[in-house]
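As stored in protein.cif (mmCIF, C-alpha atoms):
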data_work
loop_
_atom_site.group_PDB
_atom_site.id
_atom_site.type_symbol
_atom_site.label_atom_id
_atom_site.label_comp_id
_atom_site.auth_asym_id
_atom_site.auth_seq_id
_atom_site.Cartn_x
_atom_site.Cartn_y
_atom_site.Cartn_z
ATOM 1 C CA ASP A 457 -172.067 -281.369 22.396
ATOM 2 C CA VAL A 458 -171.838 -282.736 25.885
ATOM 3 C CA LYS A 459 -168.349 -283.728 26.789
ATOM 4 C CA VAL A 460 -167.466 -286.070 29.606
ATOM 5 C CA THR A 461 -163.750 -286.530 30.145
ATOM 6 C CA GLN A 462 -161.897 -288.947 32.349
ATOM 7 C CA SER A 463 -158.418 -288.226 33.640
ATOM 8 C CA SER A 464 -156.722 -291.357 32.315
ATOM 9 C CA ARG A 465 -157.441 -293.923 29.617
ATOM 10 C CA TYR A 466 -155.145 -296.516 31.161
ATOM 11 C CA LEU A 467 -153.883 -296.851 34.708
ATOM 12 C CA VAL A 468 -151.730 -299.469 36.405
ATOM 13 C CA LYS A 469 -151.571 -299.560 40.192
ATOM 14 C CA ARG A 470 -150.327 -301.906 42.870
ATOM 15 C CA THR A 471 -152.399 -303.698 45.482
ATOM 16 C CA GLY A 472 -152.974 -301.479 48.496
ATOM 17 C CA GLU A 473 -152.446 -298.189 46.687
ATOM 18 C CA LYS A 474 -154.982 -295.385 46.933
ATOM 19 C CA VAL A 475 -156.385 -294.653 43.485
ATOM 20 C CA PHE A 476 -158.234 -291.581 42.259
ATOM 21 C CA LEU A 477 -160.275 -291.620 39.057
ATOM 22 C CA GLU A 478 -161.439 -288.199 37.952
ATOM 23 C CA CYS A 479 -164.387 -287.302 35.765
ATOM 24 C CA VAL A 480 -165.353 -283.878 34.456
ATOM 25 C CA GLN A 481 -168.431 -282.838 32.467
ATOM 26 C CA ASP A 482 -168.870 -279.508 30.746
ATOM 27 C CA MET A 483 -172.655 -279.222 30.355
ATOM 28 C CA ASP A 484 -173.713 -278.193 33.839
ATOM 29 C CA HIS A 485 -175.411 -281.548 34.418
ATOM 30 C CA GLU A 486 -176.876 -282.169 37.841
ATOM 31 C CA ASN A 487 -176.256 -285.897 37.942
ATOM 32 C CA MET A 488 -173.121 -287.943 37.662
ATOM 33 C CA PHE A 489 -172.510 -291.689 37.798
ATOM 34 C CA TRP A 490 -169.651 -294.146 38.138
ATOM 35 C CA TYR A 491 -169.933 -297.632 36.629
ATOM 36 C CA ARG A 492 -167.598 -300.512 36.196
ATOM 37 C CA GLN A 493 -167.787 -302.666 33.099
ATOM 38 C CA ASP A 494 -166.728 -306.307 33.139
ATOM 39 C CA PRO A 495 -167.141 -308.910 30.379
ATOM 40 C CA GLY A 496 -170.361 -310.847 30.751
ATOM 41 C CA LEU A 497 -171.573 -308.596 33.567
ATOM 42 C CA GLY A 498 -172.349 -305.439 31.649
ATOM 43 C CA LEU A 499 -172.349 -302.127 33.484
ATOM 44 C CA ARG A 500 -172.777 -302.075 37.223
ATOM 45 C CA LEU A 501 -173.442 -298.883 39.105
ATOM 46 C CA ILE A 502 -170.956 -298.075 41.858
ATOM 47 C CA TYR A 503 -172.064 -294.638 43.064
ATOM 48 C CA PHE A 504 -174.033 -291.697 41.779
ATOM 49 C CA SER A 505 -174.571 -288.105 42.758
ATOM 50 C CA TYR A 506 -177.524 -285.772 42.269
ATOM 51 C CA ASP A 507 -175.891 -282.638 43.499
ATOM 52 C CA VAL A 508 -172.717 -281.200 44.876
ATOM 53 C CA LYS A 509 -171.650 -282.944 48.062
ATOM 54 C CA MET A 510 -174.415 -285.509 47.677
ATOM 55 C CA LYS A 511 -173.808 -289.166 46.917
ATOM 56 C CA GLU A 512 -175.842 -292.330 46.737
ATOM 57 C CA LYS A 513 -174.653 -295.933 46.747
ATOM 58 C CA GLY A 514 -175.237 -297.954 43.648
ATOM 59 C CA ASP A 515 -175.273 -301.709 43.354
ATOM 60 C CA ILE A 516 -171.617 -302.415 44.155
ATOM 61 C CA PRO A 517 -170.208 -299.638 46.398
ATOM 62 C CA GLU A 518 -167.983 -301.848 48.537
ATOM 63 C CA GLY A 519 -164.322 -300.864 48.320
ATOM 64 C CA TYR A 520 -165.105 -297.509 46.700
ATOM 65 C CA SER A 521 -165.903 -293.981 47.788
ATOM 66 C CA VAL A 522 -166.693 -290.824 45.840
ATOM 67 C CA SER A 523 -166.315 -287.100 46.111
ATOM 68 C CA ARG A 524 -168.269 -284.297 44.475
ATOM 69 C CA GLU A 525 -166.964 -280.955 45.667
ATOM 70 C CA LYS A 526 -167.855 -279.133 42.445
ATOM 71 C CA LYS A 527 -170.778 -279.662 40.130
ATOM 72 C CA GLU A 528 -168.662 -280.530 37.109
ATOM 73 C CA ARG A 529 -166.327 -283.002 38.820
ATOM 74 C CA PHE A 530 -167.026 -286.445 40.264
ATOM 75 C CA SER A 531 -164.161 -288.490 41.656
ATOM 76 C CA LEU A 532 -164.065 -292.205 42.340
ATOM 77 C CA ILE A 533 -161.653 -293.325 45.056
ATOM 78 C CA LEU A 534 -160.301 -296.778 45.692
ATOM 79 C CA GLU A 535 -159.012 -296.503 49.256
ATOM 80 C CA SER A 536 -156.856 -299.635 49.008
ATOM 81 C CA ALA A 537 -156.843 -301.120 45.533
ATOM 82 C CA SER A 538 -157.252 -304.855 45.153
ATOM 83 C CA THR A 539 -156.807 -307.119 42.141
ATOM 84 C CA ASN A 540 -160.564 -307.716 41.895
ATOM 85 C CA GLN A 541 -160.959 -304.021 41.142
ATOM 86 C CA THR A 542 -159.173 -304.464 37.827
ATOM 87 C CA SER A 543 -161.826 -303.308 35.384
ATOM 88 C CA MET A 544 -163.013 -300.661 32.960
ATOM 89 C CA TYR A 545 -164.471 -297.670 34.798
ATOM 90 C CA LEU A 546 -167.008 -295.479 33.056
ATOM 91 C CA CYS A 547 -168.241 -292.105 34.197
ATOM 92 C CA ALA A 548 -171.545 -290.629 32.994
ATOM 93 C CA SER A 549 -173.591 -287.505 33.504
ATOM 94 C CA SER A 550 -177.202 -286.539 32.871
ATOM 95 C CA LEU A 551 -179.225 -283.400 33.129
ATOM 96 C CA PHE A 552 -182.231 -284.475 35.157
ATOM 97 C CA GLY A 553 -181.472 -287.989 36.307
ATOM 98 C CA GLY A 554 -183.873 -290.844 36.736
ATOM 99 C CA ARG A 555 -185.520 -292.936 34.156
ATOM 100 C CA LEU A 556 -186.402 -290.177 31.701
ATOM 101 C CA ASP A 557 -182.952 -288.937 31.039
ATOM 102 C CA GLU A 558 -180.128 -289.697 28.633
ATOM 103 C CA GLN A 559 -176.777 -290.425 30.197
ATOM 104 C CA PHE A 560 -173.617 -289.185 28.465
ATOM 105 C CA PHE A 561 -170.540 -291.302 28.951
ATOM 106 C CA GLY A 562 -166.832 -290.651 29.111
ATOM 107 C CA PRO A 563 -164.388 -292.866 27.175
ATOM 108 C CA GLY A 564 -163.537 -294.980 30.206
ATOM 109 C CA THR A 565 -160.456 -295.700 32.309
ATOM 110 C CA ARG A 566 -159.008 -299.178 32.122
ATOM 111 C CA LEU A 567 -157.530 -299.862 35.544
ATOM 112 C CA THR A 568 -155.179 -302.761 36.197
ATOM 113 C CA VAL A 569 -154.289 -303.584 39.788
ATOM 114 C CA LEU A 570 -151.195 -305.770 40.136
ATOM 115 C CA GLY B 202 -184.307 -307.547 42.137
ATOM 116 C CA GLU B 203 -184.062 -305.918 38.740
ATOM 117 C CA ASP B 204 -182.323 -307.855 36.032
ATOM 118 C CA VAL B 205 -181.767 -307.146 32.359
ATOM 119 C CA GLU B 206 -180.541 -309.991 30.195
ATOM 120 C CA GLN B 207 -179.062 -310.174 26.727
ATOM 121 C CA SER B 208 -177.249 -312.788 24.719
ATOM 122 C CA LEU B 209 -173.520 -312.099 24.682
ATOM 123 C CA PHE B 210 -172.658 -312.460 20.999
ATOM 124 C CA LEU B 211 -174.219 -312.023 17.578
ATOM 125 C CA SER B 212 -172.487 -312.468 14.251
ATOM 126 C CA VAL B 213 -174.070 -311.350 10.963
ATOM 127 C CA ARG B 214 -173.061 -310.908 7.367
ATOM 128 C CA GLU B 215 -172.782 -307.400 5.976
ATOM 129 C CA GLY B 216 -176.051 -306.345 4.365
ATOM 130 C CA ASP B 217 -178.196 -308.697 6.447
ATOM 131 C CA SER B 218 -180.480 -307.600 9.278
ATOM 132 C CA SER B 219 -179.367 -307.930 12.899
ATOM 133 C CA VAL B 220 -181.760 -308.515 15.761
ATOM 134 C CA ILE B 221 -180.539 -307.999 19.302
ATOM 135 C CA ASN B 222 -182.837 -309.156 22.067
ATOM 136 C CA CYS B 223 -183.263 -308.114 25.674
ATOM 137 C CA THR B 224 -185.493 -309.182 28.539
ATOM 138 C CA TYR B 225 -186.133 -307.029 31.584
ATOM 139 C CA THR B 226 -187.936 -307.504 34.850
ATOM 140 C CA ASP B 227 -189.402 -304.192 35.996
ATOM 141 C CA SER B 228 -192.868 -303.790 34.514
ATOM 142 C CA SER B 229 -193.035 -300.234 35.842
ATOM 143 C CA SER B 230 -190.175 -299.049 33.637
ATOM 144 C CA THR B 231 -191.299 -295.992 31.733
ATOM 145 C CA TYR B 232 -188.494 -295.841 29.211
ATOM 146 C CA LEU B 233 -186.287 -298.499 27.694
ATOM 147 C CA TYR B 234 -183.040 -297.613 25.984
ATOM 148 C CA TRP B 235 -180.496 -298.955 23.536
ATOM 149 C CA TYR B 236 -176.907 -297.773 23.898
ATOM 150 C CA LYS B 237 -173.992 -298.526 21.583
ATOM 151 C CA GLN B 238 -170.358 -298.857 22.637
ATOM 152 C CA GLU B 239 -167.769 -298.749 19.885
ATOM 153 C CA PRO B 240 -164.278 -300.147 20.539
ATOM 154 C CA GLY B 241 -162.305 -298.016 22.973
ATOM 155 C CA ALA B 242 -165.185 -295.621 23.611
ATOM 156 C CA GLY B 243 -167.886 -294.946 26.143
ATOM 157 C CA LEU B 244 -171.563 -295.638 25.544
ATOM 158 C CA GLN B 245 -173.747 -293.513 23.286
ATOM 159 C CA LEU B 246 -177.526 -293.465 23.281
ATOM 160 C CA LEU B 247 -178.857 -294.988 20.070
ATOM 161 C CA THR B 248 -182.577 -294.823 20.658
ATOM 162 C CA TYR B 249 -185.245 -295.220 23.297
ATOM 163 C CA ILE B 250 -188.895 -296.197 23.490
ATOM 164 C CA PHE B 251 -191.702 -295.240 25.838
ATOM 165 C CA SER B 252 -193.353 -298.161 27.557
ATOM 166 C CA ASN B 253 -196.742 -297.279 26.050
ATOM 167 C CA MET B 254 -195.375 -297.844 22.542
ATOM 168 C CA ASP B 255 -195.032 -301.135 20.696
ATOM 169 C CA MET B 256 -192.639 -300.019 18.037
ATOM 170 C CA LYS B 257 -190.341 -297.190 17.127
ATOM 171 C CA GLN B 258 -188.509 -296.769 13.845
ATOM 172 C CA ASP B 259 -185.534 -294.520 13.251
ATOM 173 C CA GLN B 260 -183.860 -294.921 9.848
ATOM 174 C CA ARG B 261 -182.212 -298.367 9.894
ATOM 175 C CA LEU B 262 -183.194 -299.018 13.503
ATOM 176 C CA THR B 263 -186.460 -300.597 14.616
ATOM 177 C CA VAL B 264 -187.255 -301.109 18.284
ATOM 178 C CA LEU B 265 -189.980 -303.547 19.256
ATOM 179 C CA LEU B 266 -191.416 -303.736 22.746
ATOM 180 C CA ASN B 267 -193.544 -306.581 24.052
ATOM 181 C CA LYS B 268 -194.553 -305.318 27.446
ATOM 182 C CA LYS B 269 -196.488 -308.443 28.351
ATOM 183 C CA ASP B 270 -193.395 -310.607 27.921
ATOM 184 C CA LYS B 271 -191.015 -307.838 29.053
ATOM 185 C CA HIS B 272 -189.066 -308.292 25.841
ATOM 186 C CA LEU B 273 -187.275 -305.577 23.911
ATOM 187 C CA SER B 274 -185.517 -305.976 20.590
ATOM 188 C CA LEU B 275 -183.369 -303.831 18.325
ATOM 189 C CA ARG B 276 -183.357 -304.562 14.624
ATOM 190 C CA ILE B 277 -180.646 -303.058 12.445
ATOM 191 C CA ALA B 278 -181.451 -303.212 8.745
ATOM 192 C CA ASP B 279 -178.689 -303.534 6.132
ATOM 193 C CA THR B 280 -176.025 -304.084 8.796
ATOM 194 C CA GLN B 281 -172.665 -302.491 7.996
ATOM 195 C CA THR B 282 -169.165 -303.124 9.343
ATOM 196 C CA GLY B 283 -169.441 -299.816 11.196
ATOM 197 C CA ASP B 284 -172.262 -301.330 13.232
ATOM 198 C CA SER B 285 -169.799 -303.683 14.897
ATOM 199 C CA ALA B 286 -169.965 -302.745 18.570
ATOM 200 C CA ILE B 287 -171.415 -303.780 21.908
ATOM 201 C CA TYR B 288 -175.110 -302.964 22.305
ATOM 202 C CA PHE B 289 -176.638 -302.474 25.730
ATOM 203 C CA CYS B 290 -180.296 -302.313 26.573
ATOM 204 C CA ALA B 291 -181.259 -300.443 29.711
ATOM 205 C CA GLU B 292 -184.431 -299.923 31.662
ATOM 206 C CA GLY B 293 -185.319 -296.821 33.610
ATOM 207 C CA TYR B 294 -185.808 -297.857 37.209
ATOM 208 C CA THR B 295 -186.688 -295.321 39.906
ATOM 209 C CA ASP B 296 -183.728 -292.963 39.934
ATOM 210 C CA LYS B 297 -181.217 -294.883 37.849
ATOM 211 C CA LEU B 298 -180.777 -297.017 34.772
ATOM 212 C CA ILE B 299 -180.257 -300.760 34.897
ATOM 213 C CA PHE B 300 -178.072 -301.960 32.052
ATOM 214 C CA GLY B 301 -178.025 -305.360 30.460
ATOM 215 C CA THR B 302 -174.926 -307.459 30.000
ATOM 216 C CA GLY B 303 -174.369 -306.193 26.467
ATOM 217 C CA THR B 304 -174.402 -308.001 23.121
ATOM 218 C CA ARG B 305 -171.274 -307.907 21.010
ATOM 219 C CA LEU B 306 -172.281 -307.602 17.365
ATOM 220 C CA GLN B 307 -169.707 -308.707 14.828
ATOM 221 C CA VAL B 308 -170.321 -307.946 11.168
ATOM 222 C CA PHE B 309 -168.360 -309.922 8.605
ATOM 223 C CA PRO B 310 -168.074 -309.283 4.862
#
So that I can check it, write out the structure of this file as structure tokens.
Amino acid sequence: DVKVTQSSRYLVKRTGEKVFLECVQDMDHENMFWYRQDPGLGLRLIYFSYDVKMKEKGDIPEGYSVSREKKERFSLILESASTNQTSMYLCASSLFGGRLDEQFFGPGTRLTVL
Amino acid sequence: GEDVEQSLFLSVREGDSSVINCTYTDSSSTYLYWYKQEPGAGLQLLTYIFSNMDMKQDQRLTVLLNKKDKHLSLRIADTQTGDSAIYFCAEGYTDKLIFGTGTRLQVFP
């Protein structure tokens, strides 16, 4: 079974802190995604990556950056956390990417910014 | 731009059928998906349908696609308490998926 793990289930940070959310997948998938999930808004894509060291902006990249130094690991970085970044963050991976491919999700990290 | 819409809540009695509806905007979508999110978990793919199909059945799940109206539905027969979850439809769009807002299904005895 594909396993996507996220470094923390719950995280509490203060405004202005730099925050790292880590995601690791164990199935040698090419593609990895970061979403945030908010009530009534569904999932919104922040960033995605098709290959090591490659990244593409999603629909809401402002205030975020990403890093993919190794194929299995995709990190989401909040350079200076703000209260409006309080949310559930979901990481996903897929083998081929694009519209034909199933995405496998991690359990999520619930981030609270005070 | 692309938009995928769902109603936010659905409440059904155990044993009844549930129908979750979704409308999408991109007529060029090749695949449409239904994902399920149980409490405290990530999303899991439930089923998908090719855009050249009208219907797909998989045990208790029936997916109906009306491409003309850009309307997708998921019917769950004999709904059980374990079906309580958030259900997301998603359309395949170029190189990514566009997810709907999610429908929270609550099943009561």
Which is closer to Glu478 (chain A) than all the others in A:Ser463, A:Gln559, A:Thr568, A:Ser521, using all atoms listed in the file? A:Ser463
Could you list, as a ChimeraX atom specification, every residue matched by the PyMOL selection byres ((chain B and resi 218) around 7) in this structure? /B:216-217,219-220,276-280
Hey, which of B:Lys271, B:Lys297, B:Arg214, B:Arg261 ends up closest to chain A? Count all atoms listed in the file. B:Lys297
Using all atoms listed in the file, find each residue in chain A having at least one atom no more than 9 Å away from chain B; report its shortest atom-to-atom pair and that distance in Å (one decimal), rows by chain then rising number, as JSON lines.
{"residue": "A:Asp494", "atom": "CA", "partner": "B:Thr302", "partner_atom": "CA", "distance": 8.9}
{"residue": "A:Pro495", "atom": "CA", "partner": "B:Thr302", "partner_atom": "CA", "distance": 7.9}
{"residue": "A:Gly496", "atom": "CA", "partner": "B:Thr302", "partner_atom": "CA", "distance": 5.7}
{"residue": "A:Leu497", "atom": "CA", "partner": "B:Thr302", "partner_atom": "CA", "distance": 5.0}
{"residue": "A:Gly498", "atom": "CA", "partner": "B:Thr302", "partner_atom": "CA", "distance": 3.7}
{"residue": "A:Leu499", "atom": "CA", "partner": "B:Phe300", "partner_atom": "CA", "distance": 5.9}
{"residue": "A:Arg500", "atom": "CA", "partner": "B:Phe300", "partner_atom": "CA", "distance": 7.4}
{"residue": "A:Leu501", "atom": "CA", "partner": "B:Ile299", "partner_atom": "CA", "distance": 8.2}
{"residue": "A:Phe504", "atom": "CA", "partner": "B:Lys297", "partner_atom": "CA", "distance": 8.8}
{"residue": "A:Gly514", "atom": "CA", "partner": "B:Lys297", "partner_atom": "CA", "distance": 8.9}
{"residue": "A:Leu546", "atom": "CA", "partner": "B:Gly243", "partner_atom": "CA", "distance": 7.0}
{"residue": "A:Cys547", "atom": "CA", "partner": "B:Gly243", "partner_atom": "CA", "distance": 8.5}
{"residue": "A:Ala548", "atom": "CA", "partner": "B:Gly243", "partner_atom": "CA", "distance": 8.9}
{"residue": "A:Gly553", "atom": "CA", "partner": "B:Asp296", "partner_atom": "CA", "distance": 6.6}
{"residue": "A:Gly554", "atom": "CA", "partner": "B:Asp296", "partner_atom": "CA", "distance": 3.8}
{"residue": "A:Arg555", "atom": "CA", "partner": "B:Gly293", "partner_atom": "CA", "distance": 3.9}
{"residue": "A:Leu556", "atom": "CA", "partner": "B:Tyr232", "partner_atom": "CA", "distance": 6.5}
{"residue": "A:Asp557", "atom": "CA", "partner": "B:Gly293", "partner_atom": "CA", "distance": 8.6}
{"residue": "A:Glu558", "atom": "CA", "partner": "B:Leu246", "partner_atom": "CA", "distance": 7.0}
{"residue": "A:Gln559", "atom": "CA", "partner": "B:Leu246", "partner_atom": "CA", "distance": 7.6}
{"residue": "A:Phe560", "atom": "CA", "partner": "B:Gln245", "partner_atom": "CA", "distance": 6.8}
{"residue": "A:Phe561", "atom": "CA", "partner": "B:Gly243", "partner_atom": "CA", "distance": 5.3}
{"residue": "A:Gly562", "atom": "CA", "partner": "B:Gly243", "partner_atom": "CA", "distance": 5.3}
{"residue": "A:Pro563", "atom": "CA", "partner": "B:Gly243", "partner_atom": "CA", "distance": 4.2}
{"residue": "A:Gly564", "atom": "CA", "partner": "B:Gly243", "partner_atom": "CA", "distance": 6.0}
Please evaluate the PyMOL selection byres ((chain A and resi 464-474) around 7) against the structure above and give the resulting residues as a ChimeraX atom specification. /A:462-463,475-476,534-539,564-570
